[in-house]
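For reference, the structure discussed in these notes is given below.
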Amino acid sequence: MTPAPKARGGVANAGALSLNGVTRRFGDFTAVDDVSVEVGPGELLAIVGASGSGKTTTLRIAAGYESPDSGTVTLGGMDITRLPPERRGFGMVFQHYALFPHMPVEDNVAFGLEARGVGKSERLAQARAALASVGLEGAGGRAIQSLSGGEQQRVALARALVIEPRALLLDEPLSNLDPTLRQAMRDDLRAMLRRVGVPALFVTHDQEDAFAIADRIALLRKGKLLQCGTPEELYHAPVSREVAAFIGRGAIVPAVDRGGTALVTIGSVSREIKVIRPKGAAARFEDAYVVMRPDALELLRDSAGGTAWRGNVINRRFAGGVVVYRVQLADAVTVDVESTSGVTREDETVGVAPLSGPFPIVPG
Amino acid sequence: MKATFQRQSWVIALPVILLLLWAVIYPNAAVIAGSFENGLGHWREFAASPADREALRTSIVISIASVLASLAIGVPLAFLLGRFEFPGRRLLRAVATLPAALPPLVGVIAFLFLYGESGVVTRVLQRILGMQEAPWRLQGVGAIVFVHAYTMYVYVFLFVSAGLERFDATLDEAASGLGASTWQRLRRVTLPLLMPAVAGSALLVFMNALGSFSAPYVFGGGLRVLSTQILASKLNGAMGLAYVETTVLALSAVAGLLLFRWLDRKRKYTLAGKGGRSRRVIQSRRIQIFTAIAAGLIVVALVLPHLMVVLVSFARDGAWTTQVLPPEYTLENYRRLFSESELWRPITNSVSMALIATAANLVVCFLAAYLIVFRRFKARGLLELLIALPWAIPATAIALGLAATFNRNDLLTGRILLVGTFWILPLAYFIRDIPLVASAVESSLRQMDASLEDAARGLGASWLLTMRRVILPAARPGLVAGGLLAAVTAVGEFVASVVLYTHSNRPISMEILAQLRALAFGTAAAYSVLLIFLVLLMTLAARSFEERLA
């Protein structure tokens, strides 16, 4: 019915993939609300969000399975908003891989070439080469059901890569793998995606996956784009409380903004700390909060002459090289503090002091 | 892209919906309209007729009694086979579903040979007891319910067995851990969780019994039920009254359906356990022997009708009069079937009509199931209703609708002349089997990961390639199973055939009936054996086809 795309993508003519102000509503519910992101050739962009944040709908709009109610999708400057998925020439890896259960591995990988009218021996040769490139030499004749989760994921990737896609889209590519395999696949996936050199967009609910794989991260919440930037930017300079709360699990504590520094008062003790402001933010926030992460605080066994915040240890958790203490301070503030010493126990009274920072500051 | 996707859905959906409206809705609407052709006249006639009032009452009584009898056999049997280990269990399990393999009319005549006034079992008892007359007459409500229970308990047995298999054994363990006795567990945990299976199968039996035709037709004696009344009115030329009776029968079925839905309305849970309970071995020696003997008797009772049909098929026509068993045996019945073209004709008729109907079922039901499972469009609910409707309408009503609609050529009103032609029966079979095939294909497609279609399109596959390489292979198990069921039901179909057949397209079932009336028991039984053989052949063909592909 629809002619297979003649253009075979590839590095040479891959342009940037961009979503420009796309909105998608389902009835009264706005799943994606005016989202704009751009992924350059060879770049890895992660769309991160909790379930229901609109990240999968965004990906499906990029792939062409959904069309936006408003906004456009462009590839290398060409408007492809109305182009159906079968003519986009994108490679997609689905969350549960969507491997055809009735075809052996090599037929799965060769299917995109079959759709493009490539002859049988040629497409099987290419499929085997693609399988080899993901570390699955000789697996071509195997049944899908005989593969492990990690192997299925590689087959899905090979199937997406063999058509020399103009962009790669991945829906929760690591969420079906067990934790140990997941660590290893992060590195592999990043290496493989970088080799292809086309824009790669992937969706995940796991910020650690995103940190490990992506060049840049777009954080979505309730269909809205909260912030898009490098992992470092999101971690060190979040633009809002929502971003700060989602990324890096720090305590968010009210502060008085003084430009380069901020004054944090907990109970009767005030401390002035160095802060880092979000890119392009106002010079002062009326209503300001600082983000205090466990590695930016220190635990003191005495109150350091009244300059430290005092509190009670309510929980301790061994985390490899360090022990993380949860300390209940005054004014109902609870912070997590990392310490290399494990001698402190629950219910002990301790002091907590800020290290040199800088601490992210966000508007309230 | 959404817009073209929507448009494409309509391109497929519109012909399917129009075809179903024409074949399913239109004839039934014509029946209802026909019942009002002279205002309320026919309805008054119906209301004033004692025969019709009796028929309605008897139909409902028989249906309820059939449900109770099927439950009484099916539920204990499912528990016995599902929960206990005893000598003879495997054999009993193997034959427990055998009655479902008998085409409806064949089951009825087997019972006639066994338990009829001159039946084998009846005569043996008569001899033993030294009675002058048969100890019973196989007639009336009791006889009909007896046959129904034998053929229909299988639904209950299968549903409840499946429920027991999915039953999470830890639920029972949790209940006994909390101190519940065996009886409390059964009453508070096991039975409530099995209720959906019990209710579903009870509904199936109710609908089947209400529409049942063969048993009342053969064993009714003077008894009237709605389905036989309809045929009688039609043969008397009282079409208006037949329309009213058909409408009442269809309404009773729909009322039954709604009643069961309402009774089952509160259910919000499903059985999704892994089962995995081991069967309890019966310890007591005495109970073990008792169970084994009971199992043996049940096996004999289940197999006897089949054996009897085979035996009688070798009996010389006319020779079996007052003896317990037929006195003379011959191959003549079979020889005549295969050599006389008039006798062979019904067999080719049934096979070709069944194949045509099944082929149409496969195409239409595949498209409908595909649309229902994978596409979102406005008329999806209508399509689902159209697919399910023939299940709720008794076959007699479907047949009468066709007789009322396709009796003349009138393109303006969408009528074509099919009555009296070959094509009316394949059409009737097609309509009857729509729900069967569609639900089989639907369940296959539902097991398919919906993202496979997306994946194929994303890889550049056209709609046709996606259909051929992805959707069809996923639908295949359902197509094979549904197609088999459709072919098997169609080849032995009786209820719609008796209303619509003509001499030239008469199917096997009608010929069996004709031979029975001519008291040619041997020939009737030979046809029955051939029919069972055809069913077996189709089953084996479907199985080897499935194995070759898988």
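FYI, nothing fancy with the structure tokens labels: chains A, B, ... in order, residues from 1 per chain, ligands from 1 as they appear.
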
Counting only C-alpha atoms, which residues of chain A fall within 8 Å of chain B, and what is the closest atom pair for each with its distance in Å at one decimal, ordered by chain and rising number, as JSON lines?
{"residue": "A:Met1", "atom": "CA", "partner": "B:Ser462", "partner_atom": "CA", "distance": 5.5}
{"residue": "A:Thr2", "atom": "CA", "partner": "B:Ser462", "partner_atom": "CA", "distance": 5.3}
{"residue": "A:Pro3", "atom": "CA", "partner": "B:Ser462", "partner_atom": "CA", "distance": 6.9}
{"residue": "A:Ala4", "atom": "CA", "partner": "B:Gly460", "partner_atom": "CA", "distance": 5.6}
{"residue": "A:Pro5", "atom": "CA", "partner": "B:Gly460", "partner_atom": "CA", "distance": 6.9}
{"residue": "A:Ala63", "atom": "CA", "partner": "B:Gly458", "partner_atom": "CA", "distance": 7.6}
{"residue": "A:Gly64", "atom": "CA", "partner": "B:Met1", "partner_atom": "CA", "distance": 6.2}
{"residue": "A:Tyr65", "atom": "CA", "partner": "B:Met1", "partner_atom": "CA", "distance": 6.3}
{"residue": "A:Glu66", "atom": "CA", "partner": "B:Lys2", "partner_atom": "CA", "distance": 6.6}
{"residue": "A:Ser67", "atom": "CA", "partner": "B:Lys2", "partner_atom": "CA", "distance": 6.3}
{"residue": "A:Arg82", "atom": "CA", "partner": "B:Met1", "partner_atom": "CA", "distance": 6.3}
{"residue": "A:Leu83", "atom": "CA", "partner": "B:Met1", "partner_atom": "CA", "distance": 6.5}
{"residue": "A:Pro84", "atom": "CA", "partner": "B:Met1", "partner_atom": "CA", "distance": 4.4}
{"residue": "A:Pro85", "atom": "CA", "partner": "B:Gly458", "partner_atom": "CA", "distance": 5.0}
{"residue": "A:Glu86", "atom": "CA", "partner": "B:Gly460", "partner_atom": "CA", "distance": 3.8}
{"residue": "A:Arg87", "atom": "CA", "partner": "B:Gly460", "partner_atom": "CA", "distance": 5.9}
{"residue": "A:Arg88", "atom": "CA", "partner": "B:Gly458", "partner_atom": "CA", "distance": 7.6}
{"residue": "A:Gly89", "atom": "CA", "partner": "B:Gly460", "partner_atom": "CA", "distance": 6.6}
{"residue": "A:Phe90", "atom": "CA", "partner": "B:Gly458", "partner_atom": "CA", "distance": 6.7}
{"residue": "A:Gly91", "atom": "CA", "partner": "B:Leu459", "partner_atom": "CA", "distance": 6.8}
{"residue": "A:Met92", "atom": "CA", "partner": "B:Gly458", "partner_atom": "CA", "distance": 6.8}
{"residue": "A:Phe94", "atom": "CA", "partner": "B:Ser451", "partner_atom": "CA", "distance": 7.5}
{"residue": "A:Ala98", "atom": "CA", "partner": "B:Leu452", "partner_atom": "CA", "distance": 5.0}
{"residue": "A:Leu99", "atom": "CA", "partner": "B:Leu452", "partner_atom": "CA", "distance": 6.8}
{"residue": "A:Phe100", "atom": "CA", "partner": "B:Leu452", "partner_atom": "CA", "distance": 6.6}
{"residue": "A:His102", "atom": "CA", "partner": "B:Pro473", "partner_atom": "CA", "distance": 7.1}
{"residue": "A:Phe111", "atom": "CA", "partner": "B:Leu459", "partner_atom": "CA", "distance": 7.2}
{"residue": "A:Gly112", "atom": "CA", "partner": "B:Leu459", "partner_atom": "CA", "distance": 4.6}
{"residue": "A:Ala115", "atom": "CA", "partner": "B:Ala461", "partner_atom": "CA", "distance": 4.7}
{"residue": "A:Arg116", "atom": "CA", "partner": "B:Gly460", "partner_atom": "CA", "distance": 7.0}
{"residue": "A:Ala160", "atom": "CA", "partner": "B:Leu459", "partner_atom": "CA", "distance": 7.4}
{"residue": "A:Ile163", "atom": "CA", "partner": "B:Leu459", "partner_atom": "CA", "distance": 7.6}

Residues of the last selection are to be written out with C-alpha atoms, as a PDB file, in the first residue's frame.
ATOM      1  CA  MET A   1       0.000   0.000   0.000  1.00  0.00           C
ATOM      2  CA  THR A   2       2.568   2.511   1.118  1.00  0.00           C
ATOM      3  CA  PRO A   3       5.829   2.376  -0.807  1.00  0.00           C
ATOM      4  CA  ALA A   4       8.832   1.538   1.301  1.00  0.00           C
ATOM      5  CA  PRO A   5      11.137   4.492   1.783  1.00  0.00           C
ATOM      6  CA  ALA A  63       8.138   7.824  15.621  1.00  0.00           C
ATOM      7  CA  GLY A  64       4.910   8.756  13.824  1.00  0.00           C
ATOM      8  CA  TYR A  65       2.556   6.396  15.713  1.00  0.00           C
ATOM      9  CA  GLU A  66       0.783   9.396  17.162  1.00  0.00           C
ATOM     10  CA  SER A  67       0.279  12.680  15.434  1.00  0.00           C
ATOM     11  CA  ARG A  82       2.353  13.874   8.717  1.00  0.00           C
ATOM     12  CA  LEU A  83       4.693  11.153   7.464  1.00  0.00           C
ATOM     13  CA  PRO A  84       3.502   7.673   8.569  1.00  0.00           C
ATOM     14  CA  PRO A  85       5.974   5.551  10.558  1.00  0.00           C
ATOM     15  CA  GLU A  86       6.570   3.114   7.697  1.00  0.00           C
ATOM     16  CA  ARG A  87       7.995   5.970   5.616  1.00  0.00           C
ATOM     17  CA  ARG A  88      10.142   7.643   8.248  1.00  0.00           C
ATOM     18  CA  GLY A  89      12.965   5.130   8.128  1.00  0.00           C
ATOM     19  CA  PHE A  90      13.542   5.334  11.880  1.00  0.00           C
ATOM     20  CA  GLY A  91      14.818   2.464  13.952  1.00  0.00           C
ATOM     21  CA  MET A  92      12.732   1.809  17.030  1.00  0.00           C
ATOM     22  CA  PHE A  94      10.168  -1.171  21.864  1.00  0.00           C
ATOM     23  CA  ALA A  98       8.197  -6.432  19.949  1.00  0.00           C
ATOM     24  CA  LEU A  99      10.175  -9.221  18.318  1.00  0.00           C
ATOM     25  CA  PHE A 100       8.029 -11.323  15.985  1.00  0.00           C
ATOM     26  CA  HIS A 102       6.965 -16.728  14.912  1.00  0.00           C
ATOM     27  CA  PHE A 111      12.267  -7.836   8.242  1.00  0.00           C
ATOM     28  CA  GLY A 112      12.942  -4.140   7.607  1.00  0.00           C
ATOM     29  CA  ALA A 115       9.917  -4.477   3.547  1.00  0.00           C
ATOM     30  CA  ARG A 116      12.374  -2.551   1.374  1.00  0.00           C
ATOM     31  CA  ALA A 160      16.561  -1.277  14.277  1.00  0.00           C
ATOM     32  CA  ILE A 163      17.869  -0.579   8.093  1.00  0.00           C
TER      33      ILE A 163
END

Got a sec: who's within 12 Å of Thr502 (chain B), counting only C-alpha atoms, leaving out chain neighbours fewer than 5 positions off, as a ChimeraX atom specification? /B:346,349,418-425,497,507,510-511

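What separates CA of Pro477 (chain B) from CA of Leu531 (chain B) is a distance of 24.6 Å.
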
For Trp262 (chain B), find every residue with an atom within 12 Å (counting only C-alpha atoms), except residues of its own chain fewer than 6 positions away, and show them as a PDB file with C-alpha atoms, in the first residue's frame.
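And here's selection-v9.pdb as it stands now:
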ATOM      1  CA  ALA B 199     -22.374 -19.060  35.541  1.00  0.00           C
ATOM      2  CA  LEU B 203     -25.652 -19.618  30.411  1.00  0.00           C
ATOM      3  CA  ALA B 255     -33.835 -12.180  28.422  1.00  0.00           C
ATOM      4  CA  GLY B 256     -31.900 -15.224  29.623  1.00  0.00           C
TER       5      GLY B 256
END

List the neighbours of Glu348 (chain A) out to 10 Å using only C-alpha atoms; skip same-chain residues closer than 6 positions along the sequence, and give me the result as a JSON list (two decimals) with C-alpha atoms, in the first residue's frame.
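Listed below is the output, out.json:
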[["chain", "number", "residue", "atom", "x", "y", "z"],
["A", 301, "ARG", "CA", 29.70, 14.07, 66.47],
["A", 311, "GLY", "CA", 19.52, 16.85, 65.10],
["A", 312, "ASN", "CA", 18.74, 13.22, 65.87],
["A", 313, "VAL", "CA", 19.83, 10.26, 63.78],
["A", 314, "ILE", "CA", 16.61, 8.48, 62.84],
["A", 327, "VAL", "CA", 18.98, 13.17, 60.49]]

Filtered DSSP result for region 284-495 of chain B, state alpha helix (DSSP H), as a ChimeraX atom specification: /B:285-313,332-339,341-374,380-392,395-405,424-447,451-458,463-466,472-491,495

TODO: Might you pull out every residue within 10 Å of Ala110 (chain A), with only C-alpha atoms counted and same-chain residues fewer than 5 positions away left off, and present them as a list in words?
DONE: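 Residues meeting the cut-off are Val105, Ala115, Arg116, Val118, Lys120, Glu122, Arg123, Leu124, Ala125, Gln126, Ala127, Arg128, Ala130, Ala158, Arg159, Ala160, Val162 and Ile163 of chain A; Leu459 of chain B.
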
**Study point:** In region 6-232 of chain A, DSSP strand (DSSP E or B) residues written as a PyMOL selection string
**Key:** chain A and resi 17-26+29-39+44-48+70-75+78-79+91-93+104+143+168-171+200-204+216-221+224-229

Here CA of Val303 (chain B) and CA of Gly140 (chain B) stand apart by 24.2 Å

Item to complete: Show which residues sit within 9 Å of Gly163 (chain B), as a PyMOL selection string. Count only C-alpha atoms, and ignore same-chain residues fewer than 6 positions away.
Response: chain B and resi 193-194+196-198+271

Need the shell around Ser268 (chain A): protein/DNA/RNA residues with any atom at most 10 Å away, counting only C-alpha atoms. Skip same-chain ones fewer than 5 positions apart. Format as a count of residues only? 6

Between CA of Thr58 (chain A) and CA of Val32 (chain A), what is the distance, to one decimal in Å?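 Computing it gives 6.6 Å between the two atoms.
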